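The structure appears below as structure tokens.
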Amino acid sequence: MLKNLQRGFTRQNLLDGAKFFALLNLGLVATAVGIALFKTPNHFAFGGTSGLSIVLSTLFPQWNVGFFMWIVNAALVLLGFLFLGVRSMGWTIYSSFALSFYVSVCEHIWPLAAPLTSDVFLELCYAVILPAVGSAIVFNIGASTGGTDIVAMILHKYTSLEIGRALLISDLAIVLAGAALYGPATGLYCILGMILKTTVVDSAIESINLRKVCTVVTSNPGPTRDFIVNELHRSATEERAKGTYSHEEKWVLMTVLTRSQAQHLRRFVRLNDPHAFITIVNSSEIIGKGFRSI
């Protein structure tokens with residue numbers, strides 16, 4: 001028992017836990033800033049708990065959006081307890097209440113009675129980008145922002161209904177309610193924001209995970225191989241090949257690097273092996289040791 005605890009509290013595990021917690025809160029803060037500073041003042045009810053809270057705060061103006069986010073998220077967490085159990089909820093419980101807390105803090109620090117600018121489209125861009133980037137950070141570390149994710153988890157467990165379609169229907173209902181309350185122009189902006197949100201989240205996740213797959217074809221693999229291993233501290237796959245035009249024996253080195261490492265490799269090959277052939281392609285799905293687990 002004691003040995004298991006000691007294994008769990010190693011320095012690396014503690015660092016990984018601290019990094020996870022910091023990224024989770026960074027994503028939630030970015031989402032909260034987008035909600036409080038851009039979505040709420042413009043009545044951008046894209047859907048989800050924030051969209052529902054914006055609609056409810058208009059119907060019941062004595063309470064603000066942060067208050068309703070506490071209520072809605074608490075109700076969803078309770079549903080999660082009843083239908084999923086505490087273990088299945090995991091970090092979703094923390095995310096639900098932390099996001100509500102951060103929105104309330106933002107509303108207290110920056111109480112806005114009107115939008116920051118008179119440019120509605122500019123406000124829409126930030127209302128989409130900030131929560132989308134925040135969600136991407138959270139999703140990328142394997143957590144969630146809570147809220148309607150709980151509904152998705154319940155639907156996934158108990159029904160054959162497609163989760164994406166069910167959430168789209170609920171978001172569309174919130175958007176229609178917003179259009180009825182705030183007028184067709186705001187309703188159209190909400191529909192546009194709802195469409196853009198998914199695209200931006202996917203693009204942000206791909207950007208966060210982006211890696212460079214580098215393939216070097218060379219007659220002298222030694223220096224490049226040593227540079228990859230000793231200087232870049234990465235591994236590579238090496239295989240023998242033959243040029244179809246020159247019929248010369250070649251070596252092919254394939255490795256996966258970050259953007260900056262790929263630039264260092266390109267510079268090294270250019271200076272030390274000018275006759276080498278190198279290809280660099282983007283990939284956001286690298287699975288295996290040193291990257292995402294299988």
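Ordering of the structure tokens sets the chain letters (A, B, ...), residue numbers begin anew at 1 in every chain, and ligands are numbered from 1 in the order given.
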Can you check which parts of segment 171-239 of chain A lie within 9 Å of segment 247-250 of chain A? Per residue, the shortest pair of atoms and distance in Å to one decimal, counting only C-alpha atoms, sorted by chain and number, as a tab-separated table.
```
residue	atom	partner	partner_atom	distance
A:Val217	CA	A:Lys250	CA	6.5
A:Thr218	CA	A:Lys250	CA	5.6
A:Ser219	CA	A:Lys250	CA	4.8
A:Asn220	CA	A:Lys250	CA	7.8
A:Pro221	CA	A:Lys250	CA	8.5
A:Glu239	CA	A:Lys250	CA	8.7
```
Would you pick out the contacts of Thr279 of chain A at 9 Å or less, using only C-alpha atoms, so that residues sharing its chain but fewer than 3 positions from it are not included, and give the list as number ranges by chain? A: 213-217
Please dump the current selection as a PDB file, in the first residue's frame; keep N, CA and C atoms.
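File written: selection.pdb
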```pdb
ATOM      1  N   VAL A 213       6.471  15.916 -39.417  1.00  0.00           N
ATOM      2  CA  VAL A 213       7.032  14.618 -39.778  1.00  0.00           C
ATOM      3  C   VAL A 213       8.113  14.869 -40.821  1.00  0.00           C
ATOM      4  N   CYS A 214       9.368  14.637 -40.434  1.00  0.00           N
ATOM      5  CA  CYS A 214      10.508  14.961 -41.289  1.00  0.00           C
ATOM      6  C   CYS A 214      11.140  13.679 -41.840  1.00  0.00           C
ATOM      7  N   THR A 215      11.341  13.645 -43.133  1.00  0.00           N
ATOM      8  CA  THR A 215      11.979  12.513 -43.790  1.00  0.00           C
ATOM      9  C   THR A 215      13.206  13.019 -44.542  1.00  0.00           C
ATOM     10  N   VAL A 216      14.363  12.458 -44.180  1.00  0.00           N
ATOM     11  CA  VAL A 216      15.626  12.867 -44.793  1.00  0.00           C
ATOM     12  C   VAL A 216      16.172  11.699 -45.596  1.00  0.00           C
ATOM     13  N   VAL A 217      16.429  11.937 -46.875  1.00  0.00           N
ATOM     14  CA  VAL A 217      17.049  10.937 -47.754  1.00  0.00           C
ATOM     15  C   VAL A 217      18.481  11.382 -48.003  1.00  0.00           C
TER      16      VAL A 217
END
```
Non-local contacts of Leu232 of chain A (10 Å; only C-alpha atoms; under 3 positions in same chain excluded) as a PyMOL selection string: chain A and resi 226-229+235+257-258+260-262+264-265
Please report the interatomic distance between atom CA of Val256 of chain A and atom CA of Lys242 of chain A in Å with one decimal.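 Atom CA of Lys242 of chain A lies 22.7 Å from atom CA of Val256 of chain A.
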Per-residue nearest contacts segment 149-252 of chain A to segment 72-79 of chain A, cut-off 10 Å, using only C-alpha atoms, as a tab-separated table:
```
residue	atom	partner	partner_atom	distance
A:Asp149	CA	A:Leu76	CA	9.3
A:Ile150	CA	A:Leu76	CA	6.6
A:Val151	CA	A:Leu76	CA	7.4
A:Ile154	CA	A:Leu79	CA	8.5
```
What are the nearest atom pairs, with distances in Å to one decimal, for all residues of segment 1-85 of chain A that come at most 8 Å from segment 168-190 of chain A, using only C-alpha atoms, set out by chain and rising residue number as JSON lines?
```
{"residue": "A:Asn42", "atom": "CA", "partner": "A:Thr186", "partner_atom": "CA", "distance": 8.0}
{"residue": "A:His43", "atom": "CA", "partner": "A:Thr186", "partner_atom": "CA", "distance": 7.3}
{"residue": "A:Phe44", "atom": "CA", "partner": "A:Cys190", "partner_atom": "CA", "distance": 5.4}
{"residue": "A:Ala45", "atom": "CA", "partner": "A:Val175", "partner_atom": "CA", "distance": 5.7}
{"residue": "A:Phe46", "atom": "CA", "partner": "A:Cys190", "partner_atom": "CA", "distance": 5.2}
{"residue": "A:Gly47", "atom": "CA", "partner": "A:Asp171", "partner_atom": "CA", "distance": 4.0}
{"residue": "A:Gly48", "atom": "CA", "partner": "A:Asp171", "partner_atom": "CA", "distance": 6.1}
{"residue": "A:Gly51", "atom": "CA", "partner": "A:Ile174", "partner_atom": "CA", "distance": 6.6}
{"residue": "A:Leu52", "atom": "CA", "partner": "A:Ile174", "partner_atom": "CA", "distance": 6.2}
{"residue": "A:Val55", "atom": "CA", "partner": "A:Gly178", "partner_atom": "CA", "distance": 6.3}
```
Expected file contents, prior selection, all heavy atoms, as a short mmCIF file (atom, residue, chain, number, x, y, z; two decimals), in the first residue's frame:
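The file below, again-v8.cif, is the result:
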```cif
data_model
loop_
_atom_site.label_atom_id
_atom_site.label_comp_id
_atom_site.auth_asym_id
_atom_site.auth_seq_id
_atom_site.Cartn_x
_atom_site.Cartn_y
_atom_site.Cartn_z
N ASN A 42 -23.41 41.02 -25.59
CA ASN A 42 -24.01 41.03 -26.93
C ASN A 42 -25.18 40.05 -27.07
O ASN A 42 -25.75 39.92 -28.15
CB ASN A 42 -22.94 40.69 -27.97
CG ASN A 42 -21.89 41.76 -28.12
OD1 ASN A 42 -22.11 42.76 -28.77
ND2 ASN A 42 -20.73 41.56 -27.49
N HIS A 43 -25.49 39.35 -25.98
CA HIS A 43 -26.56 38.35 -25.99
C HIS A 43 -26.31 37.25 -27.02
O HIS A 43 -27.24 36.78 -27.69
CB HIS A 43 -27.93 39.01 -26.24
CG HIS A 43 -28.28 40.06 -25.24
ND1 HIS A 43 -28.76 41.31 -25.60
CD2 HIS A 43 -28.21 40.06 -23.89
CE1 HIS A 43 -28.97 42.03 -24.52
NE2 HIS A 43 -28.65 41.29 -23.46
N PHE A 44 -25.05 36.84 -27.15
CA PHE A 44 -24.71 35.76 -28.06
C PHE A 44 -25.00 34.42 -27.39
O PHE A 44 -24.13 33.82 -26.75
CB PHE A 44 -23.24 35.83 -28.48
CG PHE A 44 -22.90 36.99 -29.37
CD1 PHE A 44 -21.65 37.59 -29.30
CD2 PHE A 44 -23.82 37.48 -30.29
CE1 PHE A 44 -21.32 38.65 -30.13
CE2 PHE A 44 -23.50 38.56 -31.11
CZ PHE A 44 -22.25 39.14 -31.03
N ALA A 45 -26.21 33.94 -27.54
CA ALA A 45 -26.63 32.67 -26.94
C ALA A 45 -26.38 31.56 -27.95
O ALA A 45 -27.28 31.14 -28.68
CB ALA A 45 -28.09 32.73 -26.53
N PHE A 46 -25.12 31.06 -28.01
CA PHE A 46 -24.77 30.03 -28.99
C PHE A 46 -25.30 28.65 -28.60
O PHE A 46 -25.28 27.73 -29.41
CB PHE A 46 -23.25 29.90 -29.12
CG PHE A 46 -22.56 31.15 -29.57
CD1 PHE A 46 -21.22 31.33 -29.31
CD2 PHE A 46 -23.24 32.13 -30.28
CE1 PHE A 46 -20.56 32.47 -29.73
CE2 PHE A 46 -22.59 33.28 -30.70
CZ PHE A 46 -21.25 33.45 -30.42
N GLY A 47 -25.69 28.49 -27.36
CA GLY A 47 -26.05 27.17 -26.87
C GLY A 47 -25.23 26.83 -25.64
O GLY A 47 -24.44 27.65 -25.15
N GLY A 48 -25.40 25.63 -25.12
CA GLY A 48 -24.68 25.22 -23.93
C GLY A 48 -25.19 25.94 -22.69
O GLY A 48 -26.19 26.67 -22.72
N GLY A 51 -25.12 29.84 -23.02
CA GLY A 51 -26.22 30.37 -23.84
C GLY A 51 -27.54 30.34 -23.10
O GLY A 51 -28.32 31.31 -23.13
N LEU A 52 -27.81 29.22 -22.42
CA LEU A 52 -29.05 29.11 -21.63
C LEU A 52 -29.06 30.13 -20.51
O LEU A 52 -30.10 30.75 -20.22
CB LEU A 52 -29.16 27.69 -21.07
CG LEU A 52 -30.39 27.40 -20.21
CD1 LEU A 52 -31.68 27.65 -20.97
CD2 LEU A 52 -30.35 25.95 -19.69
N VAL A 55 -29.95 33.61 -21.80
CA VAL A 55 -31.40 33.72 -22.02
C VAL A 55 -32.13 33.88 -20.69
O VAL A 55 -33.01 34.74 -20.53
CB VAL A 55 -31.92 32.49 -22.79
CG1 VAL A 55 -33.45 32.47 -22.82
CG2 VAL A 55 -31.37 32.48 -24.20
#
```
